[in-house]
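As provided, upload23.txt (compact mmCIF, C-alpha atoms) reads as follows.
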# COMPACT_ATOMS: atom_id res chain seq x y z
CA MET O 1 -45.37 62.46 -43.25
CA ARG O 2 -47.18 63.68 -40.16
CA GLY O 3 -50.60 62.85 -41.65
CA GLY O 4 -49.53 59.27 -42.42
CA LEU O 5 -48.41 58.75 -38.82
CA VAL O 6 -51.72 60.02 -37.46
CA ALA O 7 -53.64 57.73 -39.86
CA LEU O 8 -51.58 54.73 -38.74
CA LEU O 9 -52.27 55.44 -35.07
CA LEU O 10 -55.98 55.89 -35.68
CA ALA O 11 -56.15 52.63 -37.61
CA ALA O 12 -54.47 50.74 -34.74
CA ALA O 13 -56.67 52.32 -32.04
CA PRO O 14 -59.63 49.85 -32.37
CA VAL O 15 -57.28 46.86 -32.15
CA LEU O 16 -55.56 48.23 -29.08
CA SER O 17 -58.81 49.11 -27.32
CA ALA O 18 -60.33 45.68 -28.10
CA ARG O 19 -57.24 43.96 -26.71
CA ALA O 20 -57.40 46.03 -23.52
CA ALA O 21 -61.14 45.43 -23.05
CA GLY O 22 -61.12 41.67 -23.74
CA PRO O 23 -60.33 38.89 -21.27
CA SER O 24 -56.69 38.36 -20.41
CA THR O 25 -55.04 35.27 -21.85
CA ASP O 26 -51.99 35.65 -19.63
CA PRO O 27 -51.42 32.84 -17.12
CA PRO O 28 -51.99 33.73 -13.47
CA PRO O 29 -48.83 34.92 -11.68
CA VAL O 30 -46.85 32.26 -9.88
CA ASN O 31 -45.81 32.77 -6.27
CA GLU O 32 -47.12 36.32 -5.98
CA PRO O 33 -46.60 37.51 -2.41
CA GLN O 34 -49.19 39.48 -0.49
CA GLY O 35 -49.32 43.17 -1.23
CA GLY O 36 -49.56 42.82 -5.00
CA TYR O 37 -45.82 42.96 -5.71
CA PRO O 38 -44.44 40.37 -8.13
CA ALA O 39 -42.13 37.71 -6.79
CA ASN O 40 -38.40 38.19 -7.09
CA PRO O 41 -37.42 36.56 -10.43
CA ARG O 42 -34.11 35.44 -8.92
CA GLN O 43 -35.73 33.73 -5.93
CA VAL O 44 -34.86 30.03 -6.06
CA ALA O 45 -37.38 27.49 -4.85
CA PRO O 46 -36.33 25.42 -1.87
CA ASP O 47 -37.04 22.14 -3.69
CA GLU O 48 -33.84 21.04 -5.49
CA GLY O 49 -32.98 24.51 -6.81
CA GLN O 50 -35.76 24.64 -9.40
CA GLN O 51 -37.02 28.12 -10.30
CA GLN O 52 -40.65 28.42 -9.27
CA GLY O 53 -42.98 28.40 -12.25
CA ILE O 54 -40.32 27.31 -14.77
CA PRO O 55 -39.47 23.62 -14.33
CA GLY O 56 -35.92 22.61 -15.17
CA PHE O 57 -34.58 26.18 -15.26
CA VAL O 58 -32.30 27.53 -12.56
CA LEU O 59 -31.19 31.15 -12.44
CA PRO O 60 -27.73 31.95 -11.11
CA ALA O 61 -27.37 33.36 -7.63
CA PRO O 62 -27.84 37.12 -7.43
CA TRP O 63 -24.71 39.17 -7.99
CA SER O 64 -23.28 40.57 -4.80
CA HIS O 65 -20.84 43.44 -4.62
CA PRO O 66 -17.68 42.53 -2.73
CA PHE O 67 -16.87 44.68 0.24
CA VAL O 68 -14.58 47.48 -0.90
CA PRO O 69 -13.44 49.75 1.91
CA THR O 70 -13.57 53.47 1.30
CA ILE O 71 -10.22 55.12 1.87
CA LYS O 72 -10.28 58.75 2.83
CA PRO O 73 -7.29 60.72 1.54
CA ARG O 74 -5.19 62.49 4.14
CA VAL O 75 -3.90 65.96 3.34
CA VAL O 76 -0.43 66.06 4.88
CA ALA O 77 0.27 69.72 4.03
CA ARG O 78 -0.99 72.76 2.19
CA LEU O 79 1.93 74.69 0.77
CA ILE O 80 2.03 78.05 -0.97
CA GLY O 81 3.82 78.06 -4.31
CA PRO O 82 3.96 75.94 -7.45
CA TYR O 83 4.39 72.19 -7.21
CA THR O 84 7.60 72.41 -9.27
CA ASN O 85 9.31 73.85 -6.17
CA ALA O 86 8.38 70.76 -4.13
CA GLY O 87 11.49 68.85 -5.02
CA SER O 88 13.67 67.67 -7.82
CA PHE O 89 12.08 66.09 -10.88
CA ASP O 90 13.36 62.52 -11.35
CA ARG O 91 13.39 61.47 -15.00
CA ASP O 92 14.22 57.77 -14.39
CA LEU O 93 11.49 57.29 -11.77
CA THR O 94 9.03 59.14 -14.00
CA ARG O 95 9.76 56.65 -16.78
CA LEU O 96 9.19 53.74 -14.36
CA CYS O 97 5.97 55.36 -13.12
CA ARG O 98 4.67 55.61 -16.68
CA GLN O 99 5.40 51.90 -17.12
CA GLY O 100 3.55 51.06 -13.88
CA LEU O 101 6.69 49.86 -12.08
CA PHE O 102 7.03 52.73 -9.57
CA GLU O 103 3.75 54.10 -8.25
CA GLU O 104 1.48 54.73 -5.30
CA GLN O 105 -0.26 51.68 -3.93
CA VAL O 106 -3.42 53.70 -3.18
CA GLN O 107 -3.43 56.81 -5.31
CA GLY O 108 -3.92 59.99 -3.32
CA LEU O 109 -3.79 58.33 0.11
CA TRP O 110 -1.26 60.93 1.32
CA GLN O 111 -1.69 64.31 -0.36
CA VAL O 112 0.27 67.55 -0.51
CA LYS O 113 -1.77 70.48 -1.83
CA PHE O 114 0.04 73.36 -3.52
CA VAL O 115 -1.82 76.67 -3.52
CA ASP O 116 -0.68 78.85 -6.38
CA GLU O 117 -2.39 81.23 -8.78
CA VAL O 118 -0.54 79.86 -11.81
CA LYS O 119 -0.06 76.13 -11.07
CA PRO O 120 -2.28 74.84 -8.25
CA ALA O 121 -1.96 71.08 -7.81
CA THR O 122 -2.47 68.13 -5.51
CA LEU O 123 0.34 65.59 -5.46
CA GLY O 124 0.26 62.14 -3.90
CA ALA O 125 3.06 61.19 -1.53
CA ALA O 126 4.64 57.81 -0.84
CA LYS O 127 7.79 56.26 0.59
CA ILE O 128 9.14 52.78 1.27
CA GLY O 129 6.85 50.98 3.70
CA SER O 130 4.08 53.51 3.22
CA ASN O 131 1.98 53.36 0.05
CA LEU O 132 4.77 52.74 -2.49
CA ILE O 133 4.96 50.06 -5.17
CA ASP O 134 8.60 49.70 -6.20
CA THR O 135 8.91 46.70 -8.50
CA ASN O 136 12.55 47.31 -9.46
CA LYS O 137 13.68 48.20 -5.90
CA VAL O 138 15.11 51.60 -6.87
CA ALA O 139 13.60 53.68 -4.04
CA GLU O 140 15.83 55.05 -1.29
CA ARG O 141 15.10 54.22 2.34
CA ASP O 142 13.99 57.58 3.85
CA GLN O 143 13.17 59.42 0.64
CA VAL O 144 9.61 60.73 0.10
CA TYR O 145 8.34 60.71 -3.48
CA LEU O 146 5.61 62.99 -4.81
CA PHE O 147 3.43 61.80 -7.69
CA ARG O 148 1.59 64.06 -10.12
CA ASN O 149 -0.96 62.49 -12.53
CA ALA O 150 -0.20 59.10 -11.00
CA ASP O 151 -3.20 57.46 -12.64
CA SER O 152 -2.24 58.41 -16.19
CA PRO O 153 0.54 57.83 -18.73
CA ARG O 154 1.67 61.40 -17.98
CA CYS O 155 2.84 60.49 -14.48
CA GLU O 156 5.59 62.68 -12.97
CA VAL O 157 7.73 61.82 -9.94
CA TYR O 158 9.46 64.38 -7.72
CA ARG O 159 11.90 63.71 -4.88
CA TRP O 160 10.87 65.69 -1.80
CA GLN O 161 13.55 68.02 -0.46
CA GLY O 162 13.45 68.79 3.25
CA ASP O 163 11.73 67.53 6.39
CA TRP O 164 8.74 65.24 6.27
CA PRO O 165 5.97 66.00 7.04
CA PRO O 166 6.44 69.53 5.74
CA ARG O 167 5.86 72.51 7.99
CA GLN O 168 3.12 74.88 6.94

Once more with this new file: its structure as structure tokens, please.
Amino acid sequence: MRGGLVALLLAAAPVLSARAAGPSTDPPPVNEPQGGYPANPRQVAPDEGQQQGIPGFVLPAPWSHPFVPTIKPRVVARLIGPYTNAGSFDRDLTRLCRQGLFEEQVQGLWQVKFVDEVKPATLGAAKIGSNLIDTNKVAERDQVYLFRNADSPRCEVYRWQGDWPPRQ
């Protein structure tokens, strides 16, 4: 197998070297700027939108990325202990979260970090008027909700117990 491959490459070598040594049949480059760099293929000619060098063919405008602001998460508190002690687990809100009807508007905008050897976690926090999407209007006015795995079908919602923001 290896010998056949070497023979094939050796047989093609004279053809390749003759092609490289002979005169070029390629047309001269169109609209090549100074410096030897090729022209931008998406550059549209100023005369009636025709692509330079290809009459009757217009390329679409270059794709531009829309401005997307970068949101830096804010760690509200670092607490010692497992996240299960953060508040009471709410089964109904968890079901709505898994359906996408009760969730954070920007996931992880407000964060509570739980430092624990067994169950360390970072939960997102939200409340009415601050980063909460509540399609069915089931949220309570001053209640803070903590979200675990908010971006997955395994979302869990906890009701925060105590003062907000929490004291470290």

Practice task
Find the residues near Ala121 in chain O: any atom within 9 Å, counting all atoms listed in the file, skip ones fewer than 2 places away on the same chain, and give them as an MDAnalysis selection string.
Solution key: chainID O and resid 82:83 112:116 119 123 148

Practice task
Find the residue from O:Cys155, O:Val144, O:Pro165, O:Trp160 that sits nearest to Arg91 in chain O; use only C-alpha atoms when measuring.
Solution key: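 Closest to Arg91 in chain O, using only C-alpha atoms: O:Cys155.
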
Exercise for the section: Find the spatial neighbours of Gln99 in chain O, counting all atoms listed in the file, within a cut-off of 9 Å - ignore same-chain residues fewer than 4 positions away - and output them as a PyMOL selection string. Expected result: chain O and resi 94-95+153

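Coordinates place CA of Ala125 in chain O at a distance of 9.8 Å from CA of Glu103 in chain O.
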
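For the atom pair formed by CA of Gly129 in chain O and CA of Arg74 in chain O, the distance is 16.7 Å, given to one decimal.
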
Please provide the set of residues having any atom within 8 Å of Asn131 in chain O, restricted to only C-alpha atoms, with same-chain residues fewer than 6 positions apart removed, written as a CSV table (one decimal) with C-alpha atoms, keeping the file's coordinate frame.
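part-v2.csv, written as the output of this step:
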chain,number,residue,atom,x,y,z
O,104,GLU,CA,1.5,54.7,-5.3
O,105,GLN,CA,-0.3,51.7,-3.9
O,106,VAL,CA,-3.4,53.7,-3.2
O,109,LEU,CA,-3.8,58.3,0.1

Handout entry: Interatomic distance (Å, one decimal) between CA of Val138 in chain O and CA of Gly81 in chain O
Key = 28.9 Å
